[in-house]
file coords22.cif (mmCIF, C-alpha atoms)
data_structure
#
loop_
_atom_site.group_PDB
_atom_site.id
_atom_site.type_symbol
_atom_site.label_atom_id
_atom_site.label_comp_id
_atom_site.auth_asym_id
_atom_site.auth_seq_id
_atom_site.Cartn_x
_atom_site.Cartn_y
_atom_site.Cartn_z
ATOM 1 C CA MET A 60 151.685 143.223 140.699
ATOM 2 C CA HIS A 61 153.491 142.993 137.400
ATOM 3 C CA ILE A 62 153.505 139.369 136.344
ATOM 4 C CA ALA A 63 156.669 139.033 134.264
ATOM 5 C CA GLU A 64 156.753 138.051 130.612
ATOM 6 C CA GLY A 65 156.227 134.355 129.944
ATOM 7 C CA TYR A 66 155.170 133.360 133.467
ATOM 8 C CA LEU A 67 151.554 132.722 132.478
ATOM 9 C CA PRO A 68 151.000 129.815 130.069
ATOM 10 C CA PRO A 69 149.582 130.820 126.645
ATOM 11 C CA LEU A 70 146.022 129.706 127.484
ATOM 12 C CA HIS A 71 145.931 131.676 130.737
ATOM 13 C CA ALA A 72 147.540 134.721 129.124
ATOM 14 C CA LEU A 73 145.001 134.634 126.309
ATOM 15 C CA SER A 74 142.069 134.177 128.700
ATOM 16 C CA TRP A 75 143.087 137.230 130.739
ATOM 17 C CA TRP A 76 143.576 139.243 127.562
ATOM 18 C CA VAL A 77 140.114 138.290 126.293
ATOM 19 C CA SER A 78 138.416 138.949 129.629
ATOM 20 C CA SER A 79 140.026 142.370 130.030
ATOM 21 C CA LEU A 80 139.271 143.578 126.483
ATOM 22 C CA PRO A 81 135.604 144.593 127.090
ATOM 23 C CA PHE A 82 136.712 146.719 130.066
ATOM 24 C CA LEU A 83 139.444 148.292 127.980
ATOM 25 C CA ARG A 84 137.023 149.052 125.146
ATOM 26 C CA SER A 85 134.566 150.652 127.549
ATOM 27 C CA GLY A 86 137.368 152.617 129.249
ATOM 28 C CA VAL A 87 138.625 154.016 125.956
ATOM 29 C CA LYS A 88 135.086 154.968 124.955
ATOM 30 C CA GLN A 89 134.494 156.757 128.281
ATOM 31 C CA SER A 90 137.852 158.540 128.024
ATOM 32 C CA ILE A 91 137.007 159.825 124.539
ATOM 33 C CA GLU A 92 133.650 161.095 125.810
ATOM 34 C CA ILE A 93 135.363 162.867 128.728
ATOM 35 C CA CYS A 94 137.801 164.529 126.335
ATOM 36 C CA LYS A 95 134.847 165.792 124.291
ATOM 37 C CA GLU A 96 133.031 167.147 127.413
ATOM 38 C CA ASP A 97 135.169 170.215 128.015
ATOM 39 C CA ARG A 98 138.751 171.339 128.336
ATOM 40 C CA TYR A 99 138.857 171.026 132.146
ATOM 41 C CA ARG A 100 137.760 167.411 132.080
ATOM 42 C CA LYS A 101 140.351 166.643 129.419
ATOM 43 C CA LEU A 102 143.079 168.204 131.556
ATOM 44 C CA GLN A 103 141.809 166.366 134.639
ATOM 45 C CA LEU A 104 142.059 163.115 132.707
ATOM 46 C CA GLY A 105 145.624 164.011 131.772
ATOM 47 C CA LEU A 106 146.370 164.743 135.418
ATOM 48 C CA ALA A 107 144.912 161.410 136.555
ATOM 49 C CA ALA A 108 147.030 159.600 133.939
ATOM 50 C CA ALA A 109 150.120 161.541 135.034
ATOM 51 C CA PHE A 110 149.423 160.600 138.650
ATOM 52 C CA THR A 111 149.234 156.897 137.751
ATOM 53 C CA LEU A 112 152.384 157.181 135.618
ATOM 54 C CA THR A 113 154.304 158.837 138.447
ATOM 55 C CA LEU A 114 153.145 156.595 141.272
ATOM 56 C CA THR A 115 153.691 153.345 139.371
ATOM 57 C CA SER A 116 157.273 154.437 138.715
ATOM 58 C CA LEU A 117 157.955 154.578 142.449
ATOM 59 C CA ARG A 118 159.278 151.585 144.287
ATOM 60 C CA LEU A 119 158.288 152.239 147.846
ATOM 61 C CA PRO A 120 160.219 150.422 150.546
ATOM 62 C CA SER A 121 158.122 148.361 152.889
ATOM 63 C CA VAL A 122 158.473 146.034 155.841
ATOM 64 C CA ALA A 123 160.504 142.820 155.812
ATOM 65 C CA GLY A 124 163.138 144.263 153.471
ATOM 66 C CA SER A 125 160.906 144.363 150.432
ATOM 67 C CA CYS A 126 159.489 147.073 148.208
ATOM 68 C CA SER A 127 156.578 147.471 145.852
ATOM 69 C CA HIS A 128 154.812 149.800 143.429
ATOM 70 C CA PRO A 129 151.719 151.761 144.341
ATOM 71 C CA THR A 130 148.909 151.420 141.810
ATOM 72 C CA GLY A 131 148.121 155.130 141.390
ATOM 73 C CA ILE A 132 144.363 154.668 140.988
ATOM 74 C CA GLY A 133 143.238 157.241 143.566
ATOM 75 C CA LEU A 134 142.943 160.363 141.473
ATOM 76 C CA ALA A 135 141.238 158.582 138.568
ATOM 77 C CA ILE A 136 138.561 157.002 140.761
ATOM 78 C CA ALA A 137 137.945 160.268 142.601
ATOM 79 C CA LEU A 138 137.371 162.154 139.359
ATOM 80 C CA PHE A 139 135.999 159.660 136.854
ATOM 81 C CA PRO A 140 133.946 156.471 136.569
ATOM 82 C CA PRO A 141 136.083 153.410 137.464
ATOM 83 C CA GLY A 142 136.022 152.175 133.864
ATOM 84 C CA VAL A 143 138.312 155.027 132.786
ATOM 85 C CA MET A 144 141.142 153.500 134.787
ATOM 86 C CA ALA A 145 141.226 150.593 132.287
ATOM 87 C CA ALA A 146 142.355 152.976 129.549
ATOM 88 C CA ILE A 147 144.875 154.785 131.776
ATOM 89 C CA GLY A 148 146.180 151.488 133.155
ATOM 90 C CA PHE A 149 146.569 150.037 129.678
ATOM 91 C CA VAL A 150 148.763 152.936 128.526
ATOM 92 C CA VAL A 151 150.934 152.767 131.659
ATOM 93 C CA LEU A 152 151.288 148.969 131.624
ATOM 94 C CA LEU A 153 152.039 148.950 127.887
ATOM 95 C CA LEU A 154 154.757 151.587 128.321
ATOM 96 C CA GLN A 155 156.296 149.609 131.168
ATOM 97 C CA ALA A 156 156.120 146.319 129.253
ATOM 98 C CA VAL A 157 157.668 147.682 126.067
ATOM 99 C CA LEU A 158 160.152 150.288 127.275
ATOM 100 C CA LEU A 159 161.085 149.033 130.746
ATOM 101 C CA ALA A 160 160.652 145.281 130.216
ATOM 102 C CA HIS A 161 158.610 145.368 133.435
ATOM 103 C CA GLY A 162 155.552 143.148 133.220
ATOM 104 C CA GLY A 163 155.113 141.899 129.678
ATOM 105 C CA LEU A 164 153.016 141.847 126.549
ATOM 106 C CA THR A 165 151.807 138.281 127.100
ATOM 107 C CA THR A 166 150.873 139.073 130.704
ATOM 108 C CA LEU A 167 149.449 142.527 129.914
ATOM 109 C CA GLY A 168 145.872 141.196 129.946
ATOM 110 C CA ALA A 169 146.326 139.691 133.418
ATOM 111 C CA ASN A 170 148.079 142.790 134.755
ATOM 112 C CA LEU A 171 145.381 144.981 133.244
ATOM 113 C CA MET A 172 142.686 142.890 134.911
ATOM 114 C CA SER A 173 144.293 143.217 138.345
ATOM 115 C CA MET A 174 145.522 146.826 138.336
ATOM 116 C CA ALA A 175 143.151 148.583 135.968
ATOM 117 C CA VAL A 176 139.896 146.641 136.364
ATOM 118 C CA ALA A 177 139.582 144.740 139.663
ATOM 119 C CA GLY A 178 141.414 147.296 141.827
ATOM 120 C CA PRO A 179 139.551 150.390 140.571
ATOM 121 C CA TRP A 180 136.142 148.670 140.696
ATOM 122 C CA ALA A 181 136.792 147.479 144.250
ATOM 123 C CA ALA A 182 137.867 151.008 145.149
ATOM 124 C CA TYR A 183 134.696 152.373 143.522
ATOM 125 C CA PHE A 184 132.436 150.096 145.559
ATOM 126 C CA CYS A 185 134.380 150.892 148.719
ATOM 127 C CA MET A 186 134.020 154.621 148.082
ATOM 128 C CA LYS A 187 130.328 154.237 147.345
ATOM 129 C CA PHE A 188 129.816 152.292 150.566
ATOM 130 C CA CYS A 189 131.826 154.780 152.643
ATOM 131 C CA ARG A 190 129.900 157.741 151.254
ATOM 132 C CA ASN A 191 126.594 155.943 151.900
ATOM 133 C CA VAL A 192 127.499 155.484 155.553
ATOM 134 C CA SER A 193 128.559 159.145 155.780
ATOM 135 C CA VAL A 194 132.323 158.696 155.986
ATOM 136 C CA SER A 195 134.077 161.953 155.037
ATOM 137 C CA ARG A 196 135.113 162.398 151.410
ATOM 138 C CA GLU A 197 138.851 162.360 152.098
ATOM 139 C CA MET A 198 138.638 159.325 154.349
ATOM 140 C CA SER A 199 136.516 157.544 151.740
ATOM 141 C CA ILE A 200 139.125 158.218 149.074
ATOM 142 C CA ALA A 201 141.930 157.045 151.369
ATOM 143 C CA LEU A 202 140.100 153.837 152.290
ATOM 144 C CA SER A 203 139.190 153.112 148.698
ATOM 145 C CA VAL A 204 142.839 153.486 147.650
ATOM 146 C CA VAL A 205 143.869 150.966 150.318
ATOM 147 C CA VAL A 206 141.138 148.530 149.250
ATOM 148 C CA GLY A 207 141.981 149.036 145.559
ATOM 149 C CA ASN A 208 145.647 148.256 146.208
ATOM 150 C CA LEU A 209 144.920 145.137 148.229
ATOM 151 C CA VAL A 210 142.394 143.813 145.706
ATOM 152 C CA THR A 211 144.885 144.433 142.876
ATOM 153 C CA TYR A 212 147.532 142.332 144.585
ATOM 154 C CA SER A 213 145.024 139.686 145.668
ATOM 155 C CA VAL A 214 143.924 139.240 142.057
ATOM 156 C CA THR A 215 147.572 138.932 140.996
ATOM 157 C CA SER A 216 148.055 136.268 143.670
ATOM 158 C CA PHE A 217 144.975 134.431 142.405
ATOM 159 C CA GLN A 218 146.217 134.615 138.804
ATOM 160 C CA LEU A 219 149.551 133.105 139.819
ATOM 161 C CA ALA A 220 147.941 130.520 142.116
ATOM 162 C CA LEU A 221 145.815 129.240 139.226
ATOM 163 C CA VAL A 222 148.966 128.562 137.206
ATOM 164 C CA PHE A 223 151.199 127.357 140.001
ATOM 165 C CA PRO A 224 149.078 125.371 142.488
ATOM 166 C CA ASP A 225 150.808 124.051 145.577
ATOM 167 C CA PRO A 226 151.662 120.316 145.194
ATOM 168 C CA HIS A 227 150.077 119.527 148.596
ATOM 169 C CA PHE A 228 147.443 122.186 149.208
ATOM 170 C CA GLY A 229 146.445 123.059 145.655
ATOM 171 C CA ILE A 230 145.321 126.490 144.498
ATOM 172 C CA ALA A 231 144.285 127.617 148.005
ATOM 173 C CA GLY A 232 147.721 126.799 149.431
ATOM 174 C CA SER A 233 149.453 128.587 146.599
ATOM 175 C CA LEU A 234 147.129 131.584 146.941
ATOM 176 C CA ILE A 235 148.080 131.950 150.601
ATOM 177 C CA LYS A 236 151.749 131.692 149.658
ATOM 178 C CA PHE A 237 151.496 134.454 147.040
ATOM 179 C CA LEU A 238 149.316 136.603 149.291
ATOM 180 C CA GLY A 239 152.019 136.228 151.924
ATOM 181 C CA VAL A 240 154.513 137.675 149.465
ATOM 182 C CA PHE A 241 152.364 140.541 148.189
ATOM 183 C CA ALA A 242 150.124 141.499 151.105
ATOM 184 C CA VAL A 243 152.905 141.931 153.673
ATOM 185 C CA THR A 244 154.634 144.376 151.356
ATOM 186 C CA GLN A 245 151.565 146.073 149.953
ATOM 187 C CA ILE A 246 149.680 146.959 153.137
ATOM 188 C CA PRO A 247 152.114 149.711 154.238
ATOM 189 C CA VAL A 248 152.587 150.831 150.619
ATOM 190 C CA SER A 249 148.818 151.178 150.170
ATOM 191 C CA PHE A 250 148.625 153.417 153.263
ATOM 192 C CA VAL A 251 151.362 155.628 151.863
ATOM 193 C CA GLU A 252 149.558 155.808 148.528
ATOM 194 C CA ALA A 253 146.328 156.757 150.310
ATOM 195 C CA ILE A 254 148.083 159.615 152.115
ATOM 196 C CA ILE A 255 149.763 160.822 148.894
ATOM 197 C CA THR A 256 146.437 160.727 147.033
ATOM 198 C CA VAL A 257 144.606 162.733 149.679
ATOM 199 C CA LEU A 258 147.441 165.287 149.887
ATOM 200 C CA VAL A 259 147.472 165.690 146.099
ATOM 201 C CA LEU A 260 143.689 166.090 146.013
ATOM 202 C CA ARG A 261 143.918 168.703 148.768
ATOM 203 C CA SER A 262 146.670 170.631 147.081
ATOM 204 C CA ILE A 263 144.720 170.955 143.843
ATOM 205 C CA SER A 264 141.824 172.791 145.499
ATOM 206 C CA LEU A 265 139.473 169.896 146.076
ATOM 207 C CA GLN A 266 136.403 172.107 146.448
ATOM 208 C CA GLU A 267 136.728 173.597 142.953
ATOM 209 C CA TRP A 268 136.908 170.260 141.200
ATOM 210 C CA LYS A 269 134.019 168.270 139.893
ATOM 211 C CA LEU A 270 134.570 165.325 142.230
ATOM 212 C CA ARG A 271 132.284 162.380 141.765
ATOM 213 C CA TRP A 272 131.771 162.009 145.513
ATOM 214 C CA MET B 225 147.638 175.068 157.186
ATOM 215 C CA VAL B 226 148.753 173.425 160.436
ATOM 216 C CA LYS B 227 146.786 170.297 159.538
ATOM 217 C CA ARG B 228 148.430 170.124 156.118
ATOM 218 C CA SER B 229 151.926 170.573 157.570
ATOM 219 C CA ALA B 230 151.196 167.847 160.119
ATOM 220 C CA ALA B 231 150.049 165.521 157.335
ATOM 221 C CA TYR B 232 153.239 166.186 155.345
ATOM 222 C CA GLY B 233 155.255 165.587 158.513
ATOM 223 C CA VAL B 234 153.536 162.276 159.203
ATOM 224 C CA MET B 235 154.152 161.210 155.603
ATOM 225 C CA LEU B 236 157.840 162.109 155.833
ATOM 226 C CA VAL B 237 158.277 160.206 159.099
ATOM 227 C CA PHE B 238 156.469 157.210 157.591
ATOM 228 C CA PHE B 239 158.735 157.256 154.514
ATOM 229 C CA VAL B 240 161.899 157.495 156.603
ATOM 230 C CA ALA B 241 160.682 154.711 158.925
ATOM 231 C CA MET B 242 159.960 152.477 155.971
ATOM 232 C CA TRP B 243 163.363 153.177 154.429
ATOM 233 C CA ILE B 244 165.051 152.253 157.715
ATOM 234 C CA ILE B 245 162.961 149.110 158.190
ATOM 235 C CA GLY B 246 163.355 148.100 154.583
ATOM 236 C CA GLU B 247 167.099 148.829 154.373
ATOM 237 C CA GLY B 248 169.282 145.873 153.546
ATOM 238 C CA SER B 249 168.425 143.243 150.984
ATOM 239 C CA ARG B 250 165.365 145.113 149.707
ATOM 240 C CA LYS B 251 163.668 143.116 146.990
ATOM 241 C CA GLY B 252 160.638 143.885 144.888
ATOM 242 C CA SER B 253 157.525 141.871 145.701
ATOM 243 C CA ASP B 254 157.345 140.907 141.996
ATOM 244 C CA ASP B 255 160.843 139.398 142.226
ATOM 245 C CA ARG B 256 159.885 137.580 145.425
ATOM 246 C CA ALA B 257 156.837 136.083 143.717
ATOM 247 C CA GLN B 258 159.074 134.873 140.898
ATOM 248 C CA GLU B 259 161.349 133.247 143.484
ATOM 249 C CA VAL B 260 158.344 131.445 144.976
ATOM 250 C CA ILE B 261 157.410 130.170 141.497
ATOM 251 C CA VAL B 262 160.921 128.903 140.817
ATOM 252 C CA GLU B 263 161.191 127.294 144.290
ATOM 253 C CA SER B 264 157.923 125.386 144.066
ATOM 254 C CA ASN B 265 158.045 124.642 140.323
ATOM 255 C CA SER B 266 161.669 123.861 139.572
ATOM 256 C CA GLY B 267 160.815 122.400 136.176
ATOM 257 C CA TYR B 268 158.964 125.480 134.968
ATOM 258 C CA HIS B 269 160.459 127.408 132.093
ATOM 259 C CA ARG B 270 159.154 130.691 130.762
ATOM 260 C CA TRP B 271 157.671 130.083 127.343
ATOM 261 C CA PHE B 272 158.344 133.629 126.211
ATOM 262 C CA THR B 273 160.906 136.227 127.185
ATOM 263 C CA GLY B 274 160.909 139.905 126.340
ATOM 264 C CA LEU B 275 162.881 141.200 123.377
ATOM 265 C CA TRP B 276 165.199 143.075 125.699
ATOM 266 C CA ALA B 277 165.931 143.197 129.396
ATOM 267 C CA PRO B 278 167.578 146.281 130.850
ATOM 268 C CA GLY B 279 170.274 145.919 133.504
ATOM 269 C CA GLN B 280 169.472 146.909 137.063
ATOM 270 C CA GLY B 281 170.997 150.371 136.650
ATOM 271 C CA THR B 282 169.236 150.999 133.343
ATOM 272 C CA GLU B 283 165.933 149.807 134.797
ATOM 273 C CA LYS B 284 166.225 152.275 137.685
ATOM 274 C CA ALA B 285 167.045 155.081 135.260
ATOM 275 C CA LEU B 286 164.067 154.193 133.059
ATOM 276 C CA PHE B 287 161.736 154.192 136.063
ATOM 277 C CA ALA B 288 163.111 157.614 136.973
ATOM 278 C CA VAL B 289 162.396 158.809 133.429
ATOM 279 C CA GLN B 290 158.840 157.463 133.736
ATOM 280 C CA GLY B 291 158.378 159.306 137.026
ATOM 281 C CA ILE B 292 159.746 162.544 135.568
ATOM 282 C CA ALA B 293 157.494 162.188 132.510
ATOM 283 C CA GLY B 294 154.507 161.768 134.844
ATOM 284 C CA CYS B 295 155.488 164.841 136.876
ATOM 285 C CA VAL B 296 155.982 166.945 133.718
ATOM 286 C CA LEU B 297 152.612 165.856 132.306
ATOM 287 C CA GLY B 298 150.886 166.474 135.656
ATOM 288 C CA GLY B 299 152.548 169.876 136.017
ATOM 289 C CA TYR B 300 151.505 170.823 132.496
ATOM 290 C CA CYS B 301 147.870 169.839 133.143
ATOM 291 C CA LEU B 302 147.749 171.730 136.456
ATOM 292 C CA HIS B 303 149.337 174.799 134.851
ATOM 293 C CA GLN B 304 146.834 174.763 132.001
ATOM 294 C CA ILE B 305 143.918 174.368 134.409
ATOM 295 C CA SER B 306 144.989 177.301 136.577
ATOM 296 C CA ARG B 307 145.719 179.437 133.468
ATOM 297 C CA SER B 308 142.285 178.775 132.013
ATOM 298 C CA ARG B 309 140.677 179.550 135.362
ATOM 299 C CA LYS B 310 142.546 182.858 135.684
ATOM 300 C CA SER B 311 141.597 183.924 132.175
ATOM 301 C CA GLU B 312 137.969 183.000 132.891
ATOM 302 C CA LYS B 313 137.950 185.133 136.059
ATOM 303 C CA SER B 314 139.502 188.135 134.302
#

call {"tool": "encode", "arguments": {"input": "coords22.cif", "output": "structure tokens"}}
result
Amino acid sequence: MHIAEGYLPPLHALSWWVSSLPFLRSGVKQSIEICKEDRYRKLQLGLAAAFTLTLTSLRLPSVAGSCSHPTGIGLAIALFPPGVMAAIGFVVLLLQAVLLAHGGLTTLGANLMSMAVAGPWAAYFCMKFCRNVSVSREMSIALSVVVGNLVTYSVTSFQLALVFPDPHFGIAGSLIKFLGVFAVTQIPVSFVEAIITVLVLRSISLQEWKLRW
Amino acid sequence: MVKRSAAYGVMLVFFVAMWIIGEGSRKGSDDRAQEVIVESNSGYHRWFTGLWAPGQGTEKALFAVQGIAGCVLGGYCLHQISRSRKSEKS
């Protein structure tokens, strides 16, 4: 989902930056409050950030000879309000843009909006819905990770489709084209991420943690 | 225990299957999206490029460093949590 440096025109890049800033501000504020809560919560936040850092470094192979990055949102949304992911995502995306030249500073706002805002919020609503209809906690987390991944890549496709509309079919045609690129790859990757997230949550004694769900 | 082992087994099989299916000209979905942009907008030029671009080998190494950094940080947090819990119990 990393839109590379310079691929979004200045106006689009700026718009995504501006629209993602309130989420980032709120995420930073929430993260600071969590750190002040107690030592456990602070360490849990560190663990969620580490999980995102590790998973986004992986390039998982997928079908049709392609590969893609997981988003690593699972642990953060299981432990904290979805807004926190904006702060974690910002740190990870900034590191990747500056040190790895993956993504970019001009496209950071757009990437932040897809991976650290839209994806986690979609996952949050999915988890809320699943819990309301009495789906088990682990299954809810797994499903929300899948939904979060797919929404992340759908938003990226939409961001690119707005800039590069299809000459014949416009934005809708372009959106389908980009979704064809991302979705085919991301569906299996999102399932793998869901399994990894649930296994990690199990291995860290799920019952002892203050899970939100 | 059996359930957990089965889950790990399923994950391993899934990973191996994906590696086999994906073997060959495996490309990142980000790169594929860039190809789509270039194909359908031949006149488009990036208005800004990063200050540096690592080679393919360097990029892989940097991603590995990122992954290791994440594992170290995660391990540290887990260790601290279990240490605090033990000291609380005793």

call {"tool": "resolve_selection", "arguments": {"input": "coords22.cif", "expression": "the PyMOL selection byres ((chain A and resi 130) around 10)", "output": "PyMOL selection string"}}
result
chain A and resi 60+110-117+127-129+131-133+148+174-175+178-179+204-205+207-209+211-212+248-249+252

call {"tool": "atom_distance", "arguments": {"input": "coords22.cif", "atom1": "atom CA of Cys94 of chain A", "atom2": "atom CA of Ala177 of chain A"}}
result
23.9 Å

call {"tool": "atom_distance", "arguments": {"input": "coords22.cif", "atom1": "atom CA of Leu238 of chain A", "atom2": "atom CA of Val206 of chain A"}}
result
14.5 Å

call {"tool": "resolve_selection", "arguments": {"input": "coords22.cif", "expression": "the PyMOL selection byres ((chain A and resi 101) around 12)", "output": "ChimeraX atom specification"}}
result
/A:89-100,102-108,138-139 /B:301-302,304-305

call {"tool": "closest_residue", "arguments": {"input": "coords22.cif", "among": "B:Val296, B:Val289, B:Ile261, B:Leu275", "to": "Val222 of chain A", "atoms": "all atoms listed in the file"}}
result
B:Ile261

call {"tool": "resolve_selection", "arguments": {"input": "coords22.cif", "expression": "the PyMOL selection byres ((chain A and resi 235-237) around 9)", "output": "number ranges by chain"}}
result
A: 213, 215-217, 219-220, 225, 230-234, 238-242; B: 257, 260

call {"tool": "closest_residue", "arguments": {"input": "coords22.cif", "among": "A:His71, A:Arg196, A:Arg261, A:Arg84", "to": "chain B", "atoms": "all atoms listed in the file"}}
result
A:Arg261

call {"tool": "atom_distance", "arguments": {"input": "coords22.cif", "atom1": "atom CA of Leu221 of chain A", "atom2": "atom CA of Gln155 of chain A"}}
result
24.3 Å

call {"tool": "axis_aligned_box", "arguments": {"input": "coords22.cif", "around": "segment 274-283 of chain B", "padding_each_side": "4 Å", "output": "lines of an AutoDock Vina configuration file"}}
result
center_x = 166.0
center_y = 145.5
center_z = 130.2
size_x = 18.1
size_y = 19.1
size_z = 21.7

call {"tool": "closest_residue", "arguments": {"input": "coords22.cif", "among": "B:Asp255, B:Gly267, B:Gly281, B:Gly294", "to": "chain A", "atoms": "only C-alpha atoms"}}
result
B:Gly294

call {"tool": "closest_residue", "arguments": {"input": "coords22.cif", "among": "A:Ala160, A:Val176, A:Ala109, A:Leu134", "to": "Ile292 of chain B", "atoms": "all atoms listed in the file"}}
result
A:Ala109

call {"tool": "residues_near_point", "arguments": {"input": "coords22.cif", "point": "(164.7, 141.8, 129.7)", "cutoff": "10 Å", "atoms": "all atoms listed in the file", "output": "ChimeraX atom specification"}}
result
/A:63-64,156-163 /B:273-279,283
